[in-house]
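Engineer: Next comes the structure file input29.cif, holding mmCIF, C-alpha atoms and all ligand atoms.
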```
data_input
loop_
_atom_site.label_atom_id
_atom_site.label_comp_id
_atom_site.auth_asym_id
_atom_site.auth_seq_id
_atom_site.Cartn_x
_atom_site.Cartn_y
_atom_site.Cartn_z
CA MET A 1 9.41 16.94 3.30
CA LYS A 2 8.62 13.96 5.50
CA LEU A 3 5.20 12.66 4.62
CA LEU A 4 5.28 9.72 7.00
CA GLU A 5 7.28 9.06 10.12
CA PHE A 6 7.38 6.19 12.63
CA LYS A 7 9.16 7.14 15.86
CA GLY A 8 10.11 4.39 18.28
CA VAL A 9 7.07 2.28 17.40
CA ALA A 10 6.54 -1.00 19.24
CA LYS A 11 3.76 -3.55 19.06
CA ASN A 12 3.05 -6.44 21.41
CA PHE A 13 0.35 -9.04 21.13
CA SER A 14 -0.56 -10.54 24.51
CA GLY A 15 2.85 -9.54 25.85
CA LEU A 16 4.69 -10.98 22.87
CA SER A 17 6.84 -8.41 21.09
CA VAL A 18 6.24 -8.27 17.34
CA LEU A 19 7.79 -4.85 16.63
CA GLU A 20 10.44 -3.07 18.66
CA ASP A 21 11.64 0.52 18.35
CA VAL A 22 10.75 0.90 14.68
CA ASN A 23 11.87 4.17 13.10
CA LEU A 24 10.95 4.78 9.49
CA SER A 25 10.26 7.78 7.32
CA VAL A 26 8.97 8.33 3.82
CA ASP A 27 9.49 11.62 2.01
CA GLN A 28 6.91 13.18 -0.25
CA GLY A 29 7.22 11.63 -3.74
CA GLU A 30 9.39 8.65 -2.78
CA ILE A 31 8.95 4.96 -3.53
CA VAL A 32 10.06 3.11 -0.40
CA SER A 33 10.04 -0.66 0.04
CA LEU A 34 9.73 -2.59 3.25
CA ILE A 35 11.27 -6.04 3.04
CA GLY A 36 12.06 -8.86 5.44
CA PRO A 37 11.50 -12.56 5.95
CA ASN A 38 8.06 -14.03 6.63
CA GLY A 39 6.76 -13.00 10.02
CA ALA A 40 9.21 -10.07 10.34
CA GLY A 41 6.35 -7.66 11.09
CA LYS A 42 5.81 -5.90 7.76
CA THR A 43 2.04 -6.29 7.57
CA THR A 44 1.81 -5.28 11.23
CA ILE A 45 3.44 -1.98 10.23
CA PHE A 46 0.70 -1.45 7.61
CA ASN A 47 -1.97 -2.39 10.15
CA LEU A 48 -0.60 0.15 12.64
CA LEU A 49 -0.39 2.79 9.96
CA THR A 50 -3.98 2.32 8.84
CA GLY A 51 -5.45 2.19 12.35
CA VAL A 52 -6.32 -1.52 12.25
CA TYR A 53 -3.98 -2.08 15.21
CA GLN A 54 -2.96 0.38 17.93
CA VAL A 55 0.72 0.97 18.77
CA SER A 56 2.02 -0.35 22.11
CA ALA A 57 4.63 2.43 22.21
CA GLY A 58 5.89 5.25 20.01
CA ASP A 59 4.10 7.49 17.53
CA ILE A 60 3.22 7.66 13.85
CA PHE A 61 3.09 11.02 12.09
CA PHE A 62 1.52 11.81 8.73
CA GLU A 63 2.24 15.28 7.35
CA GLY A 64 3.58 16.14 10.79
CA LYS A 65 0.34 15.20 12.58
CA LYS A 66 0.08 12.28 14.95
CA ILE A 67 -2.25 9.65 13.48
CA ASN A 68 -1.89 6.75 15.89
CA GLY A 69 -5.05 6.35 17.94
CA LYS A 70 -7.21 7.88 15.19
CA PRO A 71 -10.13 5.93 13.69
CA ILE A 72 -9.53 4.19 10.36
CA GLN A 73 -11.84 6.57 8.46
CA GLU A 74 -9.95 9.61 9.72
CA ILE A 75 -6.70 8.06 8.50
CA VAL A 76 -8.21 7.40 5.06
CA ASP A 77 -9.51 10.98 4.98
CA ALA A 78 -6.02 12.23 5.87
CA GLY A 79 -4.79 10.67 2.60
CA ILE A 80 -3.56 7.12 3.22
CA ALA A 81 -4.90 4.29 1.06
CA ARG A 82 -4.02 0.63 1.01
CA THR A 83 -4.18 -2.41 -1.19
CA PHE A 84 -4.08 -5.92 0.24
CA GLN A 85 -2.07 -9.10 -0.28
CA ASN A 86 -5.17 -10.80 -1.62
CA LEU A 87 -7.25 -8.95 -4.16
CA ARG A 88 -10.26 -7.28 -2.61
CA LEU A 89 -12.16 -6.23 -5.70
CA PHE A 90 -15.87 -6.68 -6.22
CA PRO A 91 -15.69 -9.30 -8.98
CA ASN A 92 -19.32 -8.93 -10.07
CA MET A 93 -19.12 -5.16 -10.34
CA ARG A 94 -17.89 -3.30 -13.38
CA VAL A 95 -14.44 -1.77 -13.50
CA ILE A 96 -15.75 1.78 -13.12
CA GLU A 97 -17.91 0.83 -10.15
CA ASN A 98 -14.92 -0.73 -8.42
CA VAL A 99 -13.06 2.58 -8.76
CA MET A 100 -16.05 4.64 -7.62
CA VAL A 101 -16.26 2.62 -4.42
CA GLY A 102 -12.88 4.12 -3.50
CA ASP A 103 -14.31 7.63 -3.78
CA TYR A 104 -17.46 6.86 -1.83
CA HIS A 105 -16.28 8.38 1.44
CA ASN A 106 -15.67 11.73 -0.29
CA GLN A 107 -19.24 12.08 -1.47
CA LYS A 108 -21.24 14.83 0.15
CA TYR A 109 -24.83 13.70 -0.15
CA GLY A 110 -26.97 12.27 2.62
CA PHE A 111 -29.29 9.30 2.71
CA LEU A 112 -32.34 11.38 1.75
CA ASP A 113 -30.48 12.89 -1.21
CA MET A 114 -29.80 9.37 -2.37
CA MET A 115 -33.39 8.16 -1.76
CA PHE A 116 -34.93 11.00 -3.71
CA ARG A 117 -32.10 11.30 -6.20
CA THR A 118 -31.84 15.03 -5.55
CA ARG A 119 -29.85 17.42 -7.73
CA LYS A 120 -27.05 17.29 -5.15
CA PHE A 121 -26.95 13.50 -5.41
CA LYS A 122 -26.89 13.57 -9.21
CA GLU A 123 -24.17 16.22 -9.27
CA GLU A 124 -22.00 14.22 -6.83
CA GLU A 125 -22.57 11.07 -8.88
CA ARG A 126 -21.57 12.89 -12.06
CA LYS A 127 -18.37 14.19 -10.46
CA ALA A 128 -17.50 10.76 -9.04
CA THR A 129 -18.09 9.10 -12.41
CA GLN A 130 -15.94 11.66 -14.20
CA GLN A 131 -13.14 11.22 -11.67
CA ALA A 132 -13.27 7.43 -12.06
CA VAL A 133 -13.15 7.77 -15.85
CA ASP A 134 -10.17 10.15 -15.57
CA ILE A 135 -8.32 7.72 -13.32
CA LEU A 136 -9.00 4.77 -15.61
CA GLU A 137 -7.88 6.78 -18.63
CA SER A 138 -4.71 7.85 -16.86
CA ILE A 139 -3.75 4.25 -16.19
CA GLY A 140 -4.60 3.03 -19.68
CA MET A 141 -7.77 1.16 -18.71
CA ALA A 142 -10.32 3.42 -20.39
CA ASP A 143 -11.37 0.63 -22.74
CA LYS A 144 -12.13 -1.67 -19.78
CA ILE A 145 -14.59 0.64 -18.00
CA ASP A 146 -17.62 -1.57 -18.61
CA ASN A 147 -15.91 -4.92 -18.13
CA TYR A 148 -16.62 -6.94 -15.05
CA ALA A 149 -13.64 -6.90 -12.70
CA SER A 150 -13.57 -10.70 -12.72
CA ASP A 151 -13.07 -10.71 -16.51
CA LEU A 152 -9.78 -8.81 -16.34
CA PRO A 153 -6.43 -10.59 -16.45
CA TYR A 154 -4.74 -10.85 -13.05
CA GLY A 155 -2.26 -7.99 -13.62
CA ALA A 156 -5.07 -5.65 -14.66
CA GLN A 157 -7.08 -6.62 -11.57
CA ARG A 158 -4.18 -5.56 -9.38
CA ARG A 159 -3.89 -2.28 -11.26
CA LEU A 160 -7.60 -1.77 -10.75
CA GLU A 161 -7.16 -2.24 -7.02
CA ILE A 162 -4.50 0.47 -7.06
CA ALA A 163 -6.82 2.69 -9.13
CA ARG A 164 -9.40 2.38 -6.39
CA ALA A 165 -6.80 3.46 -3.83
CA ILE A 166 -6.01 6.51 -5.99
CA ALA A 167 -9.72 7.38 -6.09
CA THR A 168 -9.70 7.98 -2.33
CA ASN A 169 -7.53 11.04 -3.11
CA ALA A 170 -4.69 9.39 -1.28
CA LYS A 171 -1.28 11.03 -0.99
CA LEU A 172 0.37 7.90 0.35
CA ILE A 173 -0.43 4.54 -1.24
CA LEU A 174 0.43 1.37 0.64
CA LEU A 175 0.92 -1.66 -1.58
CA ASP A 176 1.01 -5.04 0.14
CA GLU A 177 2.84 -7.52 -2.09
CA PRO A 178 1.55 -6.06 -5.36
CA ALA A 179 3.55 -8.51 -7.48
CA ALA A 180 2.32 -11.63 -5.68
CA GLY A 181 1.06 -14.15 -8.22
CA MET A 182 2.20 -12.10 -11.20
CA ASN A 183 4.20 -13.44 -14.12
CA GLY A 184 7.33 -11.67 -15.37
CA GLN A 185 5.47 -9.60 -17.94
CA GLU A 186 2.83 -8.47 -15.42
CA THR A 187 5.53 -7.58 -12.88
CA GLU A 188 7.31 -5.50 -15.52
CA GLU A 189 4.06 -3.65 -16.27
CA LEU A 190 3.45 -3.15 -12.55
CA LEU A 191 6.89 -1.56 -12.19
CA GLU A 192 6.12 0.91 -14.99
CA PHE A 193 2.69 1.58 -13.52
CA VAL A 194 3.98 2.33 -10.02
CA LYS A 195 6.69 4.58 -11.45
CA SER A 196 4.02 6.45 -13.41
CA LEU A 197 2.12 7.00 -10.16
CA GLN A 198 5.27 8.47 -8.65
CA LYS A 199 5.59 10.83 -11.62
CA ARG A 200 2.03 11.96 -10.94
CA GLY A 201 3.00 12.94 -7.39
CA PHE A 202 1.93 9.92 -5.39
CA THR A 203 4.13 8.60 -2.61
CA ILE A 204 4.40 4.82 -2.35
CA LEU A 205 5.29 2.48 0.49
CA LEU A 206 5.34 -1.16 -0.53
CA ILE A 207 5.86 -4.54 1.02
CA GLU A 208 7.29 -6.92 -1.52
CA HIS A 209 9.08 -10.26 -1.69
CA ASP A 210 10.08 -10.02 -5.36
CA MET A 211 13.65 -8.77 -4.94
CA ASN A 212 14.06 -7.98 -8.59
CA LEU A 213 11.10 -5.60 -8.43
CA VAL A 214 12.22 -4.13 -5.10
CA MET A 215 15.72 -3.39 -6.37
CA ASN A 216 14.42 -1.79 -9.57
CA ILE A 217 11.56 0.23 -8.20
CA SER A 218 12.73 1.61 -4.84
CA ASP A 219 14.32 4.93 -4.02
CA ARG A 220 15.06 3.49 -0.58
CA ILE A 221 14.55 0.20 1.22
CA TYR A 222 13.94 -0.67 4.87
CA VAL A 223 14.75 -4.17 6.08
CA LEU A 224 12.91 -5.67 9.00
CA ASN A 225 13.94 -8.84 10.79
CA HIS A 226 12.23 -10.29 13.87
CA GLY A 227 10.43 -6.99 14.45
CA ARG A 228 13.55 -4.83 14.34
CA MET A 229 14.74 -2.55 11.56
CA ILE A 230 18.17 -3.90 10.64
CA ALA A 231 18.99 -1.73 7.62
CA GLU A 232 17.92 1.27 5.57
CA GLY A 233 19.38 2.53 2.34
CA LYS A 234 19.39 2.69 -1.42
CA PRO A 235 18.97 -0.59 -3.32
CA ALA A 236 22.70 -0.85 -4.14
CA GLU A 237 23.60 -0.40 -0.45
CA ILE A 238 20.99 -2.86 0.77
CA SER A 239 22.00 -5.58 -1.66
CA LYS A 240 25.58 -5.38 -0.30
CA ASN A 241 24.69 -5.05 3.39
CA PRO A 242 26.07 -8.15 5.21
CA ALA A 243 23.37 -8.08 7.91
CA VAL A 244 20.68 -8.09 5.22
CA ILE A 245 22.34 -10.84 3.24
CA GLU A 246 22.61 -12.93 6.37
CA ALA A 247 19.17 -12.25 7.79
CA TYR A 248 17.07 -12.04 4.70
CA LEU A 249 18.60 -13.19 1.49
CA GLY A 250 20.44 -16.04 3.12
CA THR A 251 24.25 -16.15 2.86
CA GLY A 252 25.24 -17.25 -0.58
CA GLY A 253 21.76 -16.42 -1.92
CA ASP A 254 21.50 -14.99 -5.39
CA GLY A 255 19.24 -12.11 -4.42
CA ASP A 256 16.19 -13.59 -6.03
CA ASP A 257 12.99 -14.18 -4.08
CA ALA A 258 14.33 -15.89 -0.98
CA GLU A 259 10.80 -16.61 0.25
CA SER A 260 9.69 -19.06 -2.36
N1 LIG B 1 -3.40 -10.07 15.54
C1 LIG B 1 -2.29 -10.73 15.88
N2 LIG B 1 -2.24 -11.43 17.04
C2 LIG B 1 -1.12 -12.10 17.39
N3 LIG B 1 0.00 -12.14 16.66
C3 LIG B 1 0.01 -11.46 15.50
C4 LIG B 1 -1.13 -10.72 15.04
N4 LIG B 1 -0.82 -10.14 13.84
C5 LIG B 1 0.44 -10.51 13.57
N5 LIG B 1 0.94 -11.29 14.55
C6 LIG B 1 2.28 -11.89 14.62
O1 LIG B 1 3.20 -10.86 14.34
C7 LIG B 1 4.32 -11.39 13.64
C8 LIG B 1 4.54 -10.54 12.41
O2 LIG B 1 3.51 -10.79 11.48
P1 LIG B 1 3.34 -9.96 10.13
O3 LIG B 1 2.13 -10.50 9.43
O4 LIG B 1 3.39 -8.51 10.43
O5 LIG B 1 4.65 -10.39 9.35
P2 LIG B 1 5.06 -10.12 7.84
O6 LIG B 1 6.46 -9.61 7.86
O7 LIG B 1 4.04 -9.27 7.16
O8 LIG B 1 5.05 -11.58 7.23
P3 LIG B 1 4.68 -12.12 5.75
O9 LIG B 1 5.82 -11.73 4.88
O10 LIG B 1 4.61 -13.60 5.95
O11 LIG B 1 3.36 -11.52 5.35
C9 LIG B 1 4.02 -12.84 13.33
O12 LIG B 1 4.69 -13.64 14.28
C10 LIG B 1 2.52 -12.93 13.54
O13 LIG B 1 2.13 -14.20 13.96
#
```
Would you write the structure of this file as structure tokens?
Ligand SMILES: Nc1ncnc2c1ncn2[C@@H]1O[C@H](COP(=O)(O)OP(=O)(O)OP(=O)(O)O)[C@@H](O)[C@H]1O
Structural biologist:
Amino acid sequence: MKLLEFKGVAKNFSGLSVLEDVNLSVDQGEIVSLIGPNGAGKTTIFNLLTGVYQVSAGDIFFEGKKINGKPIQEIVDAGIARTFQNLRLFPNMRVIENVMVGDYHNQKYGFLDMMFRTRKFKEEERKATQQAVDILESIGMADKIDNYASDLPYGAQRRLEIARAIATNAKLILLDEPAAGMNGQETEELLEFVKSLQKRGFTILLIEHDMNLVMNISDRIYVLNHGRMIAEGKPAEISKNPAVIEAYLGTGGDGDDAES
């Protein structure tokens, strides 16, 4: 089943075309990567998908329903969550609190419930805490619950950011350069972690420059160049595609991170 679909999407900024006729789909349960040189338009795709930008043409469907033009909160509620290129954790909050922030929009108490700490408020808090504990246990961070986010090693901080995305009850998780700044060991752990999310039923769309990770993690890959989709396929097909090699990896490149 198609979970996500872009149909003929275009985006212009002040008349300047950044994306042209982008078609892309992600099936339920897939890990799909979006790659392309700097400035190709990858982050713009995420911004369109999450309602930060509005499309200039075309439509975006999530579970068959059109989501372009909807407010950001409605898109989050529909089941799309995102992590960012730069970590956006609350460093001075504890690990569990960082996860609970992700669930905040699902809580069903009002301001007065919170002020007077009503039974409803306490019950919602208890449920949210339990869910956060469950998530942290499921990703092997149960022993870090009370640590401050800033005290975690970098790789664990990125995992925590993904945990927060899971806490929104997302079906589709958008990862923007999750391996950026990671060492080899952390990237290896990230790969296992993202695959474990897939096994748990999450669908993943990621932007990534680390070609090694992309080739090992993806069910399918889309390649964007100058705002146009130039290729789509399985990792083995993409790595042999002449247009991709020319546009992205650079002819004669060895397939390693061509961006650095
Ligand atoms: N708000 C904006 N206003 C004007 N131009 C923009 C805006 N956002 C993005 N662009 C332009 O759109 C193009 C695509 O940018 P985008 O950030 O989507 O690329 P990218 O593929 O994610 O690049 P990178 O790999 O460097 O993150 C760039 O030329 C950028 O300058």
Engineer: Go through A:Asn147, A:Gln28, A:Gln130, A:Asn225 one by one, measure the shortest atom-to-atom distance of each to ligand LIG 1 (chain B) using all atoms listed in the file, and give the residue with the smallest value.
Structural biologist: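 Using all atoms listed in the file, ligand LIG 1 (chain B) sits closest to A:Asn225.
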Engineer: Padding of 4 Å on every side, edges along x, y and z, all listed atoms of ligand LIG 1 (chain B) included: what centre and edge lengths in Å, to one decimal, does that box have, as lines of an AutoDock Vina configuration file?
Structural biologist:
```
center_x = 1.5
center_y = -11.4
center_z = 11.1
size_x = 17.9
size_y = 13.7
size_z = 20.5
```
Engineer: Between A:Asp151, A:Glu192, A:Glu63, A:Glu177, which one has atoms that come closest to Ala78 (chain A), using only C-alpha atoms?
Structural biologist: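 Nearest to Ala78 (chain A): A:Glu63.
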Engineer: Using only C-alpha atoms, can you tell me which of A:Gly36, A:Gly184, A:Gly29, A:Gly8 comes closest to Glu232 (chain A)?
Structural biologist: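 Checking each candidate against Glu232 (chain A), we get A:Gly36 as the closest.
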Engineer: Taking a cut-off of 10 Å and counting all atoms listed in the file, can you build a table that, for each residue of chain A near ligand LIG 1 (chain B), reports the nearest atom pair and how far apart they are in Å (one decimal), sorted by chain then residue number, as a tab-separated table?
Structural biologist:
```
residue	atom	partner	partner_atom	distance
A:Lys11	CA	B:LIG1	O1	8.7
A:Asn12	CA	B:LIG1	N3	8.0
A:Phe13	CA	B:LIG1	C2	5.1
A:Ser14	CA	B:LIG1	C2	7.3
A:Gly15	CA	B:LIG1	C2	9.7
A:Leu16	CA	B:LIG1	N3	7.9
A:Ser17	CA	B:LIG1	O1	8.1
A:Val18	CA	B:LIG1	O1	5.0
A:Leu19	CA	B:LIG1	C8	7.8
A:Leu34	CA	B:LIG1	O6	9.0
A:Ile35	CA	B:LIG1	O6	7.7
A:Gly36	CA	B:LIG1	O6	6.1
A:Pro37	CA	B:LIG1	O9	5.8
A:Asn38	CA	B:LIG1	O10	3.5
A:Gly39	CA	B:LIG1	O5	3.4
A:Ala40	CA	B:LIG1	O6	3.7
A:Gly41	CA	B:LIG1	O4	3.1
A:Lys42	CA	B:LIG1	O6	3.8
A:Thr43	CA	B:LIG1	O7	3.6
A:Thr44	CA	B:LIG1	O4	3.7
A:Ile45	CA	B:LIG1	O4	6.5
A:Phe46	CA	B:LIG1	O4	8.1
A:Asn47	CA	B:LIG1	O4	8.1
A:Leu48	CA	B:LIG1	O4	9.8
A:Val52	CA	B:LIG1	N1	9.6
A:Tyr53	CA	B:LIG1	N1	8.0
A:Gln85	CA	B:LIG1	O11	8.2
A:Asp176	CA	B:LIG1	O11	8.6
A:Glu177	CA	B:LIG1	O11	8.5
A:Ile207	CA	B:LIG1	O7	8.0
A:Glu208	CA	B:LIG1	O9	8.1
A:His209	CA	B:LIG1	O9	7.5
A:Leu224	CA	B:LIG1	O6	7.6
A:Asn225	CA	B:LIG1	O6	8.1
A:His226	CA	B:LIG1	C8	7.8
A:Gly227	CA	B:LIG1	C8	7.2
A:Glu259	CA	B:LIG1	O9	8.4
```
Engineer: For Arg159 (chain A), which of A:Val76, A:Met229, A:Leu89, A:Ala247 is the closest residue, counting all atoms listed in the file?
Structural biologist: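 Of the candidates, the smallest distance to Arg159 (chain A) is held by A:Leu89.
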Engineer: So, counting all atoms listed in the file, which residue among A:Leu197, A:Ala236, A:Ala167, A:Ile217 is closest to Ile80 (chain A)?
Structural biologist: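 Closest to Ile80 (chain A) of all the choices is A:Ala167.
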Engineer: Report as JSON lines the residues of region 195-237 of chain A within 12 Å of region 133-145 of chain A, each with its shortest atom pair and distance in Å (one decimal), using all atoms listed in the file, ordered by chain and increasing residue number.
Structural biologist:
```
{"residue": "A:Lys195", "atom": "CA", "partner": "A:Ile139", "partner_atom": "CA", "distance": 11.5}
{"residue": "A:Ser196", "atom": "CA", "partner": "A:Ile139", "partner_atom": "CA", "distance": 8.5}
{"residue": "A:Leu197", "atom": "CA", "partner": "A:Ile139", "partner_atom": "CA", "distance": 8.9}
{"residue": "A:Lys199", "atom": "CA", "partner": "A:Ser138", "partner_atom": "CA", "distance": 11.9}
{"residue": "A:Arg200", "atom": "CA", "partner": "A:Ser138", "partner_atom": "CA", "distance": 9.9}
```
Engineer: Tell me, in Å to one decimal, how far CA of Leu205 (chain A) is from CA of Lys2 (chain A).
Structural biologist: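 According to the coordinates, CA of Leu205 (chain A) and CA of Lys2 (chain A) are separated by 13.0 Å.
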Engineer: Kindly indicate which residue among A:Val223, A:Leu206, A:Leu172, A:Ile162 lies nearest to Thr83 (chain A), using all atoms listed in the file for the distances.
Structural biologist: A:Ile162
Engineer: Can you list, as a ChimeraX atom specification, every protein, DNA or RNA residue that comes within 7 Å of Pro91 (chain A) when you count all atoms listed in the file, leaving out same-chain residues fewer than 3 positions away?
Structural biologist: /A:148-150
Engineer: Quick one: distance from CA of Lys7 (chain A) to CA of Ala179 (chain A) in Å, one decimal?
Structural biologist: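 Spanning CA of Lys7 (chain A) to CA of Ala179 (chain A) is a straight-line distance of 28.7 Å.
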Engineer: Find the spatial neighbours of Ala170 (chain A), counting only C-alpha atoms, within a cut-off of 12 Å - ignore same-chain residues fewer than 3 positions away - and output them as a list in words.
Structural biologist: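 What passes the distance filter is Leu3, Ile75, Val76, Asp77, Ala78, Gly79, Ile80, Ala81, Arg82, Thr83, Gly102, Asp103, His105, Asn106, Ile162, Ala163, Arg164, Ala165, Ile166, Ala167, Ile173, Leu174, Leu197, Gly201, Phe202, Thr203 and Ile204 of chain A.
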Engineer: For CA of Val214 (chain A) and CA of Ile230 (chain A), quote the distance in Å rounded to one decimal.
Structural biologist: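 That distance, rounded to one decimal, is 16.8 Å.
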Engineer: Give me region 48-66 of chain A with N, CA and C atoms filled in, as a PDB file, keeping the file's coordinate frame.
Structural biologist:
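Once everything was written out, this is rebuild-v4.pdb:
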```
ATOM      1  N   LEU A  48      -0.736  -0.975  11.691  1.00  0.00           N
ATOM      2  CA  LEU A  48      -0.600   0.150  12.640  1.00  0.00           C
ATOM      3  C   LEU A  48      -0.853   1.464  11.934  1.00  0.00           C
ATOM      4  N   LEU A  49      -0.303   1.549  10.738  1.00  0.00           N
ATOM      5  CA  LEU A  49      -0.390   2.790   9.960  1.00  0.00           C
ATOM      6  C   LEU A  49      -1.816   3.112   9.552  1.00  0.00           C
ATOM      7  N   THR A  50      -2.618   2.089   9.315  1.00  0.00           N
ATOM      8  CA  THR A  50      -3.980   2.320   8.840  1.00  0.00           C
ATOM      9  C   THR A  50      -5.009   2.247   9.978  1.00  0.00           C
ATOM     10  N   GLY A  51      -4.535   2.140  11.209  1.00  0.00           N
ATOM     11  CA  GLY A  51      -5.450   2.190  12.350  1.00  0.00           C
ATOM     12  C   GLY A  51      -6.154   0.869  12.636  1.00  0.00           C
ATOM     13  N   VAL A  52      -5.725  -0.208  11.971  1.00  0.00           N
ATOM     14  CA  VAL A  52      -6.320  -1.520  12.250  1.00  0.00           C
ATOM     15  C   VAL A  52      -5.842  -2.009  13.618  1.00  0.00           C
ATOM     16  N   TYR A  53      -4.544  -1.798  13.895  1.00  0.00           N
ATOM     17  CA  TYR A  53      -3.980  -2.080  15.210  1.00  0.00           C
ATOM     18  C   TYR A  53      -3.557  -0.760  15.867  1.00  0.00           C
ATOM     19  N   GLN A  54      -3.459  -0.783  17.182  1.00  0.00           N
ATOM     20  CA  GLN A  54      -2.960   0.380  17.930  1.00  0.00           C
ATOM     21  C   GLN A  54      -1.519   0.117  18.368  1.00  0.00           C
ATOM     22  N   VAL A  55      -0.679   1.152  18.357  1.00  0.00           N
ATOM     23  CA  VAL A  55       0.720   0.970  18.770  1.00  0.00           C
ATOM     24  C   VAL A  55       0.778   0.660  20.271  1.00  0.00           C
ATOM     25  N   SER A  56       1.786  -0.115  20.675  1.00  0.00           N
ATOM     26  CA  SER A  56       2.020  -0.350  22.110  1.00  0.00           C
ATOM     27  C   SER A  56       2.916   0.742  22.671  1.00  0.00           C
ATOM     28  N   ALA A  57       3.771   1.306  21.810  1.00  0.00           N
ATOM     29  CA  ALA A  57       4.630   2.430  22.210  1.00  0.00           C
ATOM     30  C   ALA A  57       5.020   3.186  20.953  1.00  0.00           C
ATOM     31  N   GLY A  58       5.433   4.442  21.133  1.00  0.00           N
ATOM     32  CA  GLY A  58       5.890   5.250  20.010  1.00  0.00           C
ATOM     33  C   GLY A  58       4.750   5.980  19.319  1.00  0.00           C
ATOM     34  N   ASP A  59       5.094   6.688  18.253  1.00  0.00           N
ATOM     35  CA  ASP A  59       4.100   7.490  17.530  1.00  0.00           C
ATOM     36  C   ASP A  59       4.286   7.383  16.031  1.00  0.00           C
ATOM     37  N   ILE A  60       3.184   7.627  15.318  1.00  0.00           N
ATOM     38  CA  ILE A  60       3.220   7.660  13.850  1.00  0.00           C
ATOM     39  C   ILE A  60       2.694   9.033  13.414  1.00  0.00           C
ATOM     40  N   PHE A  61       3.480   9.696  12.567  1.00  0.00           N
ATOM     41  CA  PHE A  61       3.090  11.020  12.090  1.00  0.00           C
ATOM     42  C   PHE A  61       2.861  10.990  10.591  1.00  0.00           C
ATOM     43  N   PHE A  62       1.780  11.656  10.172  1.00  0.00           N
ATOM     44  CA  PHE A  62       1.520  11.810   8.730  1.00  0.00           C
ATOM     45  C   PHE A  62       1.368  13.304   8.481  1.00  0.00           C
ATOM     46  N   GLU A  63       2.173  13.839   7.587  1.00  0.00           N
ATOM     47  CA  GLU A  63       2.240  15.280   7.350  1.00  0.00           C
ATOM     48  C   GLU A  63       2.416  16.038   8.657  1.00  0.00           C
ATOM     49  N   GLY A  64       3.255  15.472   9.524  1.00  0.00           N
ATOM     50  CA  GLY A  64       3.580  16.140  10.790  1.00  0.00           C
ATOM     51  C   GLY A  64       2.536  15.980  11.877  1.00  0.00           C
ATOM     52  N   LYS A  65       1.398  15.363  11.557  1.00  0.00           N
ATOM     53  CA  LYS A  65       0.340  15.200  12.580  1.00  0.00           C
ATOM     54  C   LYS A  65       0.299  13.762  13.064  1.00  0.00           C
ATOM     55  N   LYS A  66       0.129  13.619  14.371  1.00  0.00           N
ATOM     56  CA  LYS A  66       0.080  12.280  14.950  1.00  0.00           C
ATOM     57  C   LYS A  66      -1.183  11.568  14.487  1.00  0.00           C
TER      58      LYS A  66
END
```
